[in-house]
$ cat structure-v9.txt   # compact mmCIF, C-alpha atoms
# COMPACT_ATOMS: atom_id res chain seq x y z
CA MET O 26 -16.96 -7.75 11.83
CA LEU O 27 -16.39 -11.51 11.90
CA GLU O 28 -19.69 -12.18 10.13
CA LYS O 29 -18.90 -9.61 7.43
CA ILE O 30 -15.44 -11.09 6.93
CA LYS O 31 -16.92 -14.58 6.54
CA GLN O 32 -19.58 -13.37 4.12
CA THR O 33 -17.07 -11.57 1.90
CA THR O 34 -14.53 -14.40 2.03
CA ASP O 35 -17.17 -16.99 1.11
CA PHE O 36 -18.30 -14.80 -1.81
CA LEU O 37 -14.79 -14.62 -3.25
CA ILE O 38 -14.10 -18.32 -2.71
CA ASP O 39 -17.32 -19.11 -4.57
CA LYS O 40 -16.02 -16.88 -7.39
CA GLY O 41 -12.90 -19.03 -7.59
CA PHE O 42 -10.45 -16.83 -5.65
CA ASN O 43 -8.24 -19.43 -3.97
CA ASN O 44 -4.68 -20.74 -3.47
CA ILE O 45 -3.27 -17.20 -3.55
CA ASP O 46 0.39 -16.54 -2.78
CA ILE O 47 0.66 -12.74 -2.62
CA GLY O 48 -1.62 -9.77 -2.01
CA ILE O 49 -0.79 -6.49 -3.77
CA ILE O 50 -2.14 -2.98 -3.15
CA LEU O 51 -1.65 -0.48 -5.98
CA GLY O 52 -1.49 3.18 -5.02
CA THR O 53 -2.40 6.39 -6.84
CA GLY O 54 -1.25 6.36 -10.47
CA LEU O 55 0.26 2.90 -10.09
CA GLY O 56 -2.30 0.67 -11.78
CA ASN O 57 -0.26 -0.54 -14.76
CA LEU O 58 1.12 -3.56 -12.93
CA VAL O 59 -2.21 -5.12 -13.85
CA THR O 60 -1.14 -5.21 -17.51
CA HIS O 61 1.66 -7.60 -16.54
CA ILE O 62 -0.71 -10.01 -14.81
CA GLU O 63 -2.42 -12.98 -16.44
CA ILE O 64 -5.90 -12.13 -15.19
CA LEU O 65 -7.99 -15.13 -14.19
CA LYS O 66 -10.87 -13.27 -12.55
CA SER O 67 -11.83 -9.66 -11.83
CA VAL O 68 -14.65 -8.21 -9.78
CA ASP O 69 -15.67 -4.60 -9.11
CA TYR O 70 -15.56 -3.49 -5.49
CA SER O 71 -19.20 -2.45 -5.81
CA ASP O 72 -20.14 -6.10 -6.45
CA ILE O 73 -18.29 -7.48 -3.40
CA PRO O 74 -20.37 -7.78 -0.21
CA ASN O 75 -19.26 -5.37 2.56
CA PHE O 76 -16.53 -3.76 0.43
CA PRO O 77 -16.28 0.03 0.37
CA GLU O 78 -16.11 1.75 -3.03
CA ALA O 79 -13.04 3.63 -4.23
CA THR O 80 -13.95 7.29 -4.69
CA VAL O 81 -10.57 8.61 -5.86
CA GLU O 82 -10.58 9.23 -9.62
CA SER O 83 -7.20 7.56 -10.25
CA HIS O 84 -8.26 4.36 -8.45
CA SER O 85 -10.14 1.89 -10.65
CA GLY O 86 -11.88 -0.05 -7.86
CA LYS O 87 -11.34 -3.66 -8.91
CA LEU O 88 -10.15 -6.80 -7.17
CA ILE O 89 -8.05 -8.79 -9.62
CA TYR O 90 -7.01 -12.43 -9.30
CA GLY O 91 -4.32 -13.76 -11.59
CA LYS O 92 -0.73 -14.87 -12.11
CA LEU O 93 2.44 -12.80 -11.88
CA GLU O 94 5.76 -14.51 -12.57
CA GLY O 95 4.22 -17.89 -11.81
CA LYS O 96 2.67 -16.80 -8.50
CA LYS O 97 -1.04 -16.45 -7.78
CA VAL O 98 -1.75 -12.84 -6.80
CA LEU O 99 -4.74 -10.88 -5.54
CA VAL O 100 -4.46 -7.24 -6.56
CA MET O 101 -6.33 -4.27 -5.19
CA SER O 102 -6.42 -1.88 -8.13
CA GLY O 103 -7.40 1.09 -6.01
CA ARG O 104 -7.41 1.38 -2.23
CA PHE O 105 -9.48 3.14 0.42
CA HIS O 106 -8.45 6.13 2.50
CA TYR O 107 -9.51 7.61 5.81
CA TYR O 108 -10.02 10.97 4.09
CA GLU O 109 -12.76 9.46 1.90
CA GLY O 110 -14.88 9.26 5.04
CA TYR O 111 -14.33 5.58 5.78
CA THR O 112 -13.48 4.30 9.24
CA MET O 113 -10.08 2.77 9.83
CA GLN O 114 -11.77 -0.62 10.01
CA GLU O 115 -13.37 -0.08 6.59
CA VAL O 116 -10.08 1.11 5.09
CA THR O 117 -8.35 -2.08 6.22
CA PHE O 118 -11.20 -4.55 5.64
CA PRO O 119 -9.63 -5.90 2.41
CA ILE O 120 -6.47 -6.87 4.32
CA ARG O 121 -8.60 -9.02 6.62
CA ILE O 122 -10.10 -10.71 3.57
CA MET O 123 -6.69 -11.34 2.01
CA LYS O 124 -5.52 -13.14 5.13
CA MET O 125 -8.69 -15.21 5.35
CA LEU O 126 -8.09 -16.25 1.73
CA GLY O 127 -4.74 -17.66 2.84
CA ILE O 128 -2.44 -14.81 1.83
CA ASN O 129 0.61 -14.44 4.06
CA THR O 130 2.66 -11.93 2.06
CA LEU O 131 1.56 -8.40 1.14
CA PHE O 132 3.15 -5.97 -1.33
CA VAL O 133 2.09 -2.35 -0.82
CA SER O 134 2.71 0.67 -3.04
CA ASN O 135 1.82 4.33 -2.68
CA ALA O 136 2.47 7.74 -4.17
CA CYS O 137 4.05 10.22 -1.78
CA GLY O 138 5.75 13.56 -1.35
CA GLY O 139 9.48 13.62 -0.74
CA ILE O 140 10.64 15.25 2.49
CA ASN O 141 14.25 14.08 2.31
CA PRO O 142 16.03 16.68 0.14
CA GLU O 143 18.28 13.98 -1.34
CA PHE O 144 15.32 12.24 -2.98
CA LYS O 145 14.29 12.99 -6.55
CA PRO O 146 10.83 13.13 -8.14
CA ALA O 147 9.85 9.94 -10.01
CA SER O 148 12.07 7.80 -7.74
CA LEU O 149 11.37 4.86 -5.42
CA MET O 150 11.79 4.43 -1.68
CA ILE O 151 11.61 1.15 0.21
CA ILE O 152 9.69 1.72 3.45
CA ASP O 153 11.49 0.27 6.45
CA ASP O 154 9.48 2.08 9.14
CA HIS O 155 6.55 4.44 9.53
CA ILE O 156 4.88 7.08 11.69
CA ASN O 157 1.09 7.12 12.04
CA MET O 158 -0.34 10.64 12.03
CA ILE O 159 -3.84 9.64 10.95
CA PRO O 160 -6.05 10.27 14.01
CA GLY O 161 -6.86 6.67 14.79
CA ASN O 162 -5.73 3.07 14.67
CA PRO O 163 -7.63 0.22 12.96
CA LEU O 164 -7.15 -1.98 16.04
CA VAL O 165 -9.05 0.34 18.38
CA GLY O 166 -12.15 -1.38 19.75
CA LYS O 167 -12.90 -4.96 20.65
CA ASN O 168 -10.13 -7.36 19.67
CA HIS O 169 -11.08 -10.61 17.96
CA SER O 170 -8.47 -13.18 18.94
CA GLN O 171 -9.32 -15.17 15.78
CA LEU O 172 -7.77 -12.32 13.78
CA GLY O 173 -4.76 -11.44 15.91
CA PRO O 174 -3.48 -10.48 19.38
CA ARG O 175 -4.71 -7.54 21.44
CA PHE O 176 -1.26 -5.91 21.51
CA VAL O 177 0.70 -6.17 18.27
CA ASP O 178 4.47 -5.94 18.20
CA MET O 179 5.57 -3.34 15.63
CA SER O 180 9.35 -3.61 15.99
CA GLU O 181 9.55 -4.85 12.39
CA PRO O 182 6.39 -3.73 10.55
CA TYR O 183 8.11 -4.22 7.20
CA ASN O 184 9.73 -7.62 6.79
CA ASN O 185 13.50 -7.30 6.86
CA GLU O 186 14.11 -10.33 4.62
CA LEU O 187 11.87 -8.82 1.94
CA ILE O 188 13.61 -5.45 2.31
CA ILE O 189 17.02 -7.07 1.76
CA LYS O 190 15.68 -8.97 -1.24
CA MET O 191 14.26 -5.78 -2.77
CA GLU O 192 17.62 -4.05 -2.32
CA GLU O 193 19.37 -6.96 -4.03
CA ILE O 194 16.86 -6.92 -6.90
CA ALA O 195 17.21 -3.15 -7.33
CA SER O 196 20.98 -3.51 -7.53
CA LYS O 197 20.72 -6.38 -10.03
CA LEU O 198 18.27 -4.49 -12.25
CA HIS O 199 20.11 -1.15 -11.89
CA ILE O 200 17.12 0.52 -10.25
CA ASN O 201 18.02 3.61 -8.24
CA ILE O 202 16.20 3.18 -4.94
CA ASN O 203 16.23 4.76 -1.49
CA LYS O 204 15.12 3.42 1.89
CA GLY O 205 13.47 5.35 4.69
CA VAL O 206 10.54 6.31 6.88
CA TYR O 207 6.99 6.97 5.64
CA VAL O 208 4.55 9.15 7.59
CA SER O 209 0.81 8.88 6.98
CA TRP O 210 -1.03 12.22 6.99
CA ILE O 211 -4.80 12.50 7.21
CA GLY O 212 -5.40 14.48 3.96
CA PRO O 213 -6.98 15.17 1.59
CA SER O 214 -5.50 18.68 1.74
CA LEU O 215 -1.79 18.74 1.05
CA GLU O 216 0.52 19.88 3.80
CA THR O 217 1.48 23.45 4.63
CA ARG O 218 5.06 24.74 4.77
CA ALA O 219 4.99 24.54 8.57
CA GLU O 220 3.66 20.98 8.44
CA TYR O 221 6.43 19.91 6.06
CA ARG O 222 8.98 21.33 8.50
CA PHE O 223 7.29 19.45 11.33
CA ILE O 224 7.28 16.21 9.34
CA LYS O 225 11.00 16.58 8.64
CA LEU O 226 11.67 17.13 12.35
CA MET O 227 9.78 13.88 13.07
CA GLY O 228 12.36 11.97 11.10
CA ALA O 229 10.19 11.06 8.10
CA ASP O 230 11.62 10.86 4.58
CA VAL O 231 8.30 10.89 2.71
CA VAL O 232 4.65 11.73 3.44
CA GLY O 233 1.45 10.18 2.09
CA MET O 234 -2.18 9.53 3.00
CA SER O 235 -2.40 5.74 3.13
CA THR O 236 -0.48 2.50 3.79
CA VAL O 237 0.06 2.67 7.56
CA PRO O 238 -3.44 1.44 8.56
CA GLU O 239 -3.13 -1.46 6.10
CA VAL O 240 0.31 -2.38 7.42
CA ILE O 241 -0.89 -2.30 11.04
CA VAL O 242 -3.67 -4.77 10.23
CA ALA O 243 -1.34 -6.94 8.14
CA ASN O 244 0.97 -7.21 11.16
CA HIS O 245 -2.02 -7.90 13.41
CA MET O 246 -2.83 -10.90 11.21
CA GLY O 247 0.75 -12.14 10.94
CA MET O 248 1.43 -11.18 7.32
CA ARG O 249 4.84 -10.30 5.87
CA VAL O 250 4.88 -6.82 4.34
CA ALA O 251 7.03 -5.28 1.62
CA ALA O 252 6.21 -1.65 0.81
CA VAL O 253 7.51 0.85 -1.73
CA SER O 254 6.73 4.55 -2.07
CA VAL O 255 6.85 6.38 -5.39
CA VAL O 256 8.11 9.93 -4.83
CA THR O 257 5.95 12.14 -7.04
CA ASP O 258 7.23 15.55 -5.90
CA LEU O 259 9.59 17.23 -3.47
CA CYS O 260 8.12 19.08 -0.50
CA ASP O 261 10.62 21.83 0.22
CA PRO O 262 8.94 24.30 2.58
CA ASP O 263 11.37 27.07 1.56
CA ASN O 264 10.53 26.70 -2.14
CA LEU O 265 6.95 25.48 -2.09
CA ALA O 266 4.84 25.99 -5.21
CA PRO O 267 1.24 24.99 -5.94
CA VAL O 268 0.94 21.33 -6.88
CA LYS O 269 -0.61 20.16 -10.14
CA ILE O 270 -2.13 16.71 -9.73
CA GLU O 271 -1.34 15.86 -13.37
CA ASP O 272 2.37 16.44 -12.63
CA LEU O 273 2.19 14.03 -9.69
CA LEU O 274 0.53 11.38 -11.84
CA ASN O 275 3.13 11.87 -14.59
CA ASN O 276 5.97 11.32 -12.14
CA ALA O 277 4.18 8.29 -10.73
CA ALA O 278 3.93 6.86 -14.26
CA ILE O 279 7.67 7.36 -14.82
CA ALA O 280 8.66 5.61 -11.59
CA GLU O 281 6.02 2.93 -11.99
CA LYS O 282 8.11 1.15 -14.63
CA ASP O 283 10.80 0.41 -12.06
CA LEU O 284 8.18 -0.48 -9.43
CA ILE O 285 6.68 -3.08 -11.78
CA LYS O 286 10.12 -4.62 -12.37
CA LEU O 287 10.81 -4.66 -8.63
CA PHE O 288 7.50 -6.25 -7.59
CA SER O 289 7.55 -8.74 -10.49
CA GLU O 290 11.06 -9.95 -9.63
CA LEU O 291 10.23 -10.06 -5.91
CA ALA O 292 7.17 -12.21 -6.65
CA LYS O 293 9.34 -14.54 -8.71
CA GLU O 294 11.99 -14.95 -6.01
CA ILE O 295 9.86 -15.56 -2.90
$ encode --input "structure-v9.txt" --output "structure tokens"
Amino acid sequence: MLEKIKQTTDFLIDKGFNNIDIGIILGTGLGNLVTHIEILKSVDYSDIPNFPEATVESHSGKLIYGKLEGKKVLVMSGRFHYYEGYTMQEVTFPIRIMKMLGINTLFVSNACGGINPEFKPASLMIIDDHINMIPGNPLVGKNHSQLGPRFVDMSEPYNNELIIKMEEIASKLHININKGVYVSWIGPSLETRAEYRFIKLMGADVVGMSTVPEVIVANHMGMRVAAVSVVTDLCDPDNLAPVKIEDLLNNAAIAEKDLIKLFSELAKEI
């Protein structure tokens, strides 16, 4: 792993990816933040040594380096998922690269289903904790002390200072936002009625198929994390109807406008 990390990091440094302030991961249907970035360089995942390729149709599969509100950012336009057949280490490999490029702050976004009945479709939720239901952990296996400690404290996986700042920004910009717990589900099949009931009993407010592995590795490497879920639909087990993916993407697009404002202002203020 260490050799692959070095090879990929050296490749990006040679391409001019340096002095970066913030890493950003864009989830399903949330790629329009890129239009607000002054792009300095862009490279396809397929051209980056050791990078997986994004196989989800709504993920473009590009690593973008540019400026957002005066800050240098490295944006993953498209992420990797365990359900695509990648290992947890492959899913989280880009986070390792971000840290080795000097990034200490990570913004994460995702599309999710709403479990909390008070949430509305096309709304935002700040993640302040999570539950990992993907069958694995990216830190399983030999630990490399150069990357982080064997046992990682997860008492504050999402940085509280960044959470408070996001709440202040949302209030200032009149963005209606919730805060709660995200559970990662293996996917790619959506959950059954019984599974939604189980997830609610767990104490989760939303469910998705990503984010948690990335956040675990970010904490392993000492990065600050701010994460926001876009609620694309409500998962009421007593009134469950077949899901149309186009409806989920439409709701993501509606909420994305507020997400862009939130992340842009957060980048400006930190």
$ closest_residue --input "structure-v9.txt" --among "O:Lys167, O:Ala292, O:Lys145, O:Ile128" --to "Lys92 of chain O" --atoms "all atoms listed in the file"
O:Ala292
$ closest_atom_pairs --input "structure-v9.txt" --of "segment 237-284 of chain O" --to "segment 147-166 of chain O" --cutoff "9 Å" --atoms "all atoms listed in the file" --output "Markdown table"
| residue | atom | partner | partner_atom | distance |
| --- | --- | --- | --- | --- |
| O:Val237 | CA | O:Asn157 | CA | 6.4 |
| O:Pro238 | CA | O:Pro163 | CA | 6.2 |
| O:Glu239 | CA | O:Pro163 | CA | 8.4 |
| O:Ile241 | CA | O:Pro163 | CA | 7.4 |
| O:Val242 | CA | O:Pro163 | CA | 6.9 |
| O:His245 | CA | O:Leu164 | CA | 8.3 |
| O:Ala251 | CA | O:Ile152 | CA | 7.7 |
| O:Ala252 | CA | O:Ile152 | CA | 5.5 |
| O:Val253 | CA | O:Ile151 | CA | 4.5 |
| O:Ser254 | CA | O:Met150 | CA | 5.1 |
| O:Val255 | CA | O:Leu149 | CA | 4.8 |
| O:Val256 | CA | O:Ser148 | CA | 5.4 |
| O:Thr257 | CA | O:Ala147 | CA | 5.4 |
| O:Asp258 | CA | O:Ala147 | CA | 7.4 |
| O:Leu273 | CA | O:Ala147 | CA | 8.7 |
| O:Asn275 | CA | O:Ala147 | CA | 8.4 |
| O:Asn276 | CA | O:Ala147 | CA | 4.6 |
| O:Ala277 | CA | O:Ala147 | CA | 5.9 |
| O:Ala278 | CA | O:Ala147 | CA | 7.9 |
| O:Ile279 | CA | O:Ala147 | CA | 5.9 |
| O:Ala280 | CA | O:Ala147 | CA | 4.8 |
| O:Glu281 | CA | O:Ala147 | CA | 8.2 |
| O:Asp283 | CA | O:Leu149 | CA | 8.0 |
| O:Leu284 | CA | O:Leu149 | CA | 7.4 |
$ residues_around --input "structure-v9.txt" --residues "Ile38 of chain O" --least-positions-apart "6" --cutoff "12 Å" --atoms "only C-alpha atoms" --output "MDAnalysis selection string"
chainID O and resid 31:32 44:45 66 73 90 122:123 125:127
$ atom_distance --input "structure-v9.txt" --atom1 "atom CA of Leu99 of chain O" --atom2 "atom CA of Phe42 of chain O"
8.2 Å
$ atom_distance --input "structure-v9.txt" --atom1 "atom CA of Ile50 of chain O" --atom2 "atom CA of Val133 of chain O"
4.9 Å
$ residues_near_point --input "structure-v9.txt" --point "(-2.8, -12.0, 11.9)" --cutoff "6 Å" --atoms "only C-alpha atoms" --output "list in words"
Leu172, Gly173, His245, Met246 and Gly247 of chain O
$ atom_distance --input "structure-v9.txt" --atom1 "atom CA of Pro213 of chain O" --atom2 "atom CA of Ser71 of chain O"
22.7 Å
$ residues_around --input "structure-v9.txt" --residues "segment 103-107 of chain O" --least-positions-apart "6" --cutoff "12 Å" --atoms "all atoms listed in the file" --output "VMD selection string"
chain O and resid 49 to 59 69 to 70 76 to 89 113 to 120 133 to 136 158 to 163 209 to 213 233 to 239
$ residues_around --input "structure-v9.txt" --residues "Glu94 of chain O" --least-positions-apart "5" --cutoff "12 Å" --atoms "only C-alpha atoms" --output "list in words"
Asp46, Ile47, Leu58, His61, Ile62, Glu63, Ile285, Lys286, Leu287, Phe288, Ser289, Glu290, Leu291, Ala292, Lys293, Glu294 and Ile295 of chain O
$ write_last_selection --input "structure-v9.txt" --atoms "C-alpha atoms" --output "mmCIF file, keeping the file's coordinate frame"
data_model
loop_
_atom_site.group_PDB
_atom_site.id
_atom_site.type_symbol
_atom_site.label_atom_id
_atom_site.label_comp_id
_atom_site.auth_asym_id
_atom_site.auth_seq_id
_atom_site.Cartn_x
_atom_site.Cartn_y
_atom_site.Cartn_z
ATOM 1 C CA ASP O 46 0.390 -16.540 -2.780
ATOM 2 C CA ILE O 47 0.660 -12.740 -2.620
ATOM 3 C CA LEU O 58 1.120 -3.560 -12.930
ATOM 4 C CA HIS O 61 1.660 -7.600 -16.540
ATOM 5 C CA ILE O 62 -0.710 -10.010 -14.810
ATOM 6 C CA GLU O 63 -2.420 -12.980 -16.440
ATOM 7 C CA ILE O 285 6.680 -3.080 -11.780
ATOM 8 C CA LYS O 286 10.120 -4.620 -12.370
ATOM 9 C CA LEU O 287 10.810 -4.660 -8.630
ATOM 10 C CA PHE O 288 7.500 -6.250 -7.590
ATOM 11 C CA SER O 289 7.550 -8.740 -10.490
ATOM 12 C CA GLU O 290 11.060 -9.950 -9.630
ATOM 13 C CA LEU O 291 10.230 -10.060 -5.910
ATOM 14 C CA ALA O 292 7.170 -12.210 -6.650
ATOM 15 C CA LYS O 293 9.340 -14.540 -8.710
ATOM 16 C CA GLU O 294 11.990 -14.950 -6.010
ATOM 17 C CA ILE O 295 9.860 -15.560 -2.900
#
$ residues_around --input "structure-v9.txt" --residues "Glu216 of chain O" --least-positions-apart "6" --cutoff "10 Å" --atoms "only C-alpha atoms" --output "list in words"
Gly138, Trp210, Arg222, Ile224, Val232, Gly233, Cys260 and Pro262 of chain O
$ closest_residue --input "structure-v9.txt" --among "O:Ile64, O:Leu265, O:Ile188, O:Val240" --to "Tyr221 of chain O" --atoms "all atoms listed in the file"
O:Leu265
$ closest_residue --input "structure-v9.txt" --among "O:Asn244, O:Lys40, O:Leu93, O:Lys190" --to "Thr60 of chain O" --atoms "only C-alpha atoms"
O:Leu93
$ closest_residue --input "structure-v9.txt" --among "O:Glu192, O:Ala243, O:His169, O:Val231" --to "Cys137 of chain O" --atoms "all atoms listed in the file"
O:Val231
$ closest_residue --input "structure-v9.txt" --among "O:Thr34, O:Asn43, O:Asn141, O:Ser102" --to "Arg121 of chain O" --atoms "all atoms listed in the file"
O:Thr34
$ residues_near_point --input "structure-v9.txt" --point "(4.8, -11.2, 1.4)" --cutoff "8 Å" --atoms "all atoms listed in the file" --output "MDAnalysis selection string"
chainID O and resid 47:48 129:132 187 248:251 295
$ build_atoms --input "structure-v9.txt" --residues "segment 102-129 of chain O" --atoms "N, CA and C atoms" --output "PDB file, in the frame of the given file"
ATOM      1  N   SER O 102      -6.671  -2.984  -7.205  1.00  0.00           N
ATOM      2  CA  SER O 102      -6.420  -1.880  -8.130  1.00  0.00           C
ATOM      3  C   SER O 102      -7.247  -0.698  -7.655  1.00  0.00           C
ATOM      4  N   GLY O 103      -6.673   0.029  -6.723  1.00  0.00           N
ATOM      5  CA  GLY O 103      -7.400   1.090  -6.010  1.00  0.00           C
ATOM      6  C   GLY O 103      -7.587   0.704  -4.560  1.00  0.00           C
ATOM      7  N   ARG O 104      -7.284   1.641  -3.666  1.00  0.00           N
ATOM      8  CA  ARG O 104      -7.410   1.380  -2.230  1.00  0.00           C
ATOM      9  C   ARG O 104      -8.398   2.378  -1.626  1.00  0.00           C
ATOM     10  N   PHE O 105      -8.590   2.253  -0.316  1.00  0.00           N
ATOM     11  CA  PHE O 105      -9.480   3.140   0.420  1.00  0.00           C
ATOM     12  C   PHE O 105      -8.673   3.995   1.386  1.00  0.00           C
ATOM     13  N   HIS O 106      -9.159   5.190   1.647  1.00  0.00           N
ATOM     14  CA  HIS O 106      -8.450   6.130   2.500  1.00  0.00           C
ATOM     15  C   HIS O 106      -9.367   6.646   3.595  1.00  0.00           C
ATOM     16  N   TYR O 107      -8.768   7.004   4.700  1.00  0.00           N
ATOM     17  CA  TYR O 107      -9.510   7.610   5.810  1.00  0.00           C
ATOM     18  C   TYR O 107     -10.163   8.917   5.367  1.00  0.00           C
ATOM     19  N   TYR O 108      -9.473   9.670   4.506  1.00  0.00           N
ATOM     20  CA  TYR O 108     -10.020  10.970   4.090  1.00  0.00           C
ATOM     21  C   TYR O 108     -11.249  10.859   3.204  1.00  0.00           C
ATOM     22  N   GLU O 109     -11.534   9.659   2.685  1.00  0.00           N
ATOM     23  CA  GLU O 109     -12.760   9.460   1.900  1.00  0.00           C
ATOM     24  C   GLU O 109     -13.991   9.373   2.795  1.00  0.00           C
ATOM     25  N   GLY O 110     -13.769   9.341   4.103  1.00  0.00           N
ATOM     26  CA  GLY O 110     -14.880   9.260   5.040  1.00  0.00           C
ATOM     27  C   GLY O 110     -15.095   7.872   5.610  1.00  0.00           C
ATOM     28  N   TYR O 111     -14.216   6.938   5.248  1.00  0.00           N
ATOM     29  CA  TYR O 111     -14.330   5.580   5.780  1.00  0.00           C
ATOM     30  C   TYR O 111     -13.667   5.494   7.154  1.00  0.00           C
ATOM     31  N   THR O 112     -14.148   4.565   7.965  1.00  0.00           N
ATOM     32  CA  THR O 112     -13.480   4.300   9.240  1.00  0.00           C
ATOM     33  C   THR O 112     -12.183   3.553   8.977  1.00  0.00           C
ATOM     34  N   MET O 113     -11.336   3.516   9.973  1.00  0.00           N
ATOM     35  CA  MET O 113     -10.080   2.770   9.830  1.00  0.00           C
ATOM     36  C   MET O 113     -10.343   1.283   9.610  1.00  0.00           C
ATOM     37  N   GLN O 114     -11.422   0.784  10.201  1.00  0.00           N
ATOM     38  CA  GLN O 114     -11.770  -0.620  10.010  1.00  0.00           C
ATOM     39  C   GLN O 114     -12.225  -0.884   8.566  1.00  0.00           C
ATOM     40  N   GLU O 115     -12.943   0.061   7.981  1.00  0.00           N
ATOM     41  CA  GLU O 115     -13.370  -0.080   6.590  1.00  0.00           C
ATOM     42  C   GLU O 115     -12.184   0.020   5.634  1.00  0.00           C
ATOM     43  N   VAL O 116     -11.272   0.935   5.924  1.00  0.00           N
ATOM     44  CA  VAL O 116     -10.080   1.110   5.090  1.00  0.00           C
ATOM     45  C   VAL O 116      -9.271  -0.184   5.017  1.00  0.00           C
ATOM     46  N   THR O 117      -9.209  -0.897   6.128  1.00  0.00           N
ATOM     47  CA  THR O 117      -8.350  -2.080   6.220  1.00  0.00           C
ATOM     48  C   THR O 117      -9.107  -3.400   6.035  1.00  0.00           C
ATOM     49  N   PHE O 118     -10.395  -3.332   5.794  1.00  0.00           N
ATOM     50  CA  PHE O 118     -11.200  -4.550   5.640  1.00  0.00           C
ATOM     51  C   PHE O 118     -10.628  -5.496   4.578  1.00  0.00           C
ATOM     52  N   PRO O 119     -10.176  -4.981   3.421  1.00  0.00           N
ATOM     53  CA  PRO O 119      -9.630  -5.900   2.410  1.00  0.00           C
ATOM     54  C   PRO O 119      -8.412  -6.691   2.880  1.00  0.00           C
ATOM     55  N   ILE O 120      -7.639  -6.137   3.804  1.00  0.00           N
ATOM     56  CA  ILE O 120      -6.470  -6.870   4.320  1.00  0.00           C
ATOM     57  C   ILE O 120      -6.946  -8.082   5.114  1.00  0.00           C
ATOM     58  N   ARG O 121      -8.019  -7.894   5.884  1.00  0.00           N
ATOM     59  CA  ARG O 121      -8.600  -9.020   6.620  1.00  0.00           C
ATOM     60  C   ARG O 121      -9.014 -10.133   5.651  1.00  0.00           C
ATOM     61  N   ILE O 122      -9.623  -9.721   4.554  1.00  0.00           N
ATOM     62  CA  ILE O 122     -10.100 -10.710   3.570  1.00  0.00           C
ATOM     63  C   ILE O 122      -8.926 -11.438   2.932  1.00  0.00           C
ATOM     64  N   MET O 123      -7.873 -10.699   2.596  1.00  0.00           N
ATOM     65  CA  MET O 123      -6.690 -11.340   2.010  1.00  0.00           C
ATOM     66  C   MET O 123      -6.164 -12.446   2.911  1.00  0.00           C
ATOM     67  N   LYS O 124      -6.037 -12.145   4.199  1.00  0.00           N
ATOM     68  CA  LYS O 124      -5.520 -13.140   5.130  1.00  0.00           C
ATOM     69  C   LYS O 124      -6.447 -14.352   5.226  1.00  0.00           C
ATOM     70  N   MET O 125      -7.745 -14.101   5.253  1.00  0.00           N
ATOM     71  CA  MET O 125      -8.690 -15.210   5.350  1.00  0.00           C
ATOM     72  C   MET O 125      -8.715 -16.057   4.080  1.00  0.00           C
ATOM     73  N   LEU O 126      -8.234 -15.480   2.980  1.00  0.00           N
ATOM     74  CA  LEU O 126      -8.090 -16.250   1.730  1.00  0.00           C
ATOM     75  C   LEU O 126      -6.765 -17.010   1.683  1.00  0.00           C
ATOM     76  N   GLY O 127      -5.981 -16.897   2.740  1.00  0.00           N
ATOM     77  CA  GLY O 127      -4.740 -17.660   2.840  1.00  0.00           C
ATOM     78  C   GLY O 127      -3.492 -16.900   2.463  1.00  0.00           C
ATOM     79  N   ILE O 128      -3.602 -15.595   2.234  1.00  0.00           N
ATOM     80  CA  ILE O 128      -2.440 -14.810   1.830  1.00  0.00           C
ATOM     81  C   ILE O 128      -1.592 -14.457   3.050  1.00  0.00           C
ATOM     82  N   ASN O 129      -0.298 -14.728   2.951  1.00  0.00           N
ATOM     83  CA  ASN O 129       0.610 -14.440   4.060  1.00  0.00           C
ATOM     84  C   ASN O 129       1.647 -13.368   3.743  1.00  0.00           C
TER      85      ASN O 129
END
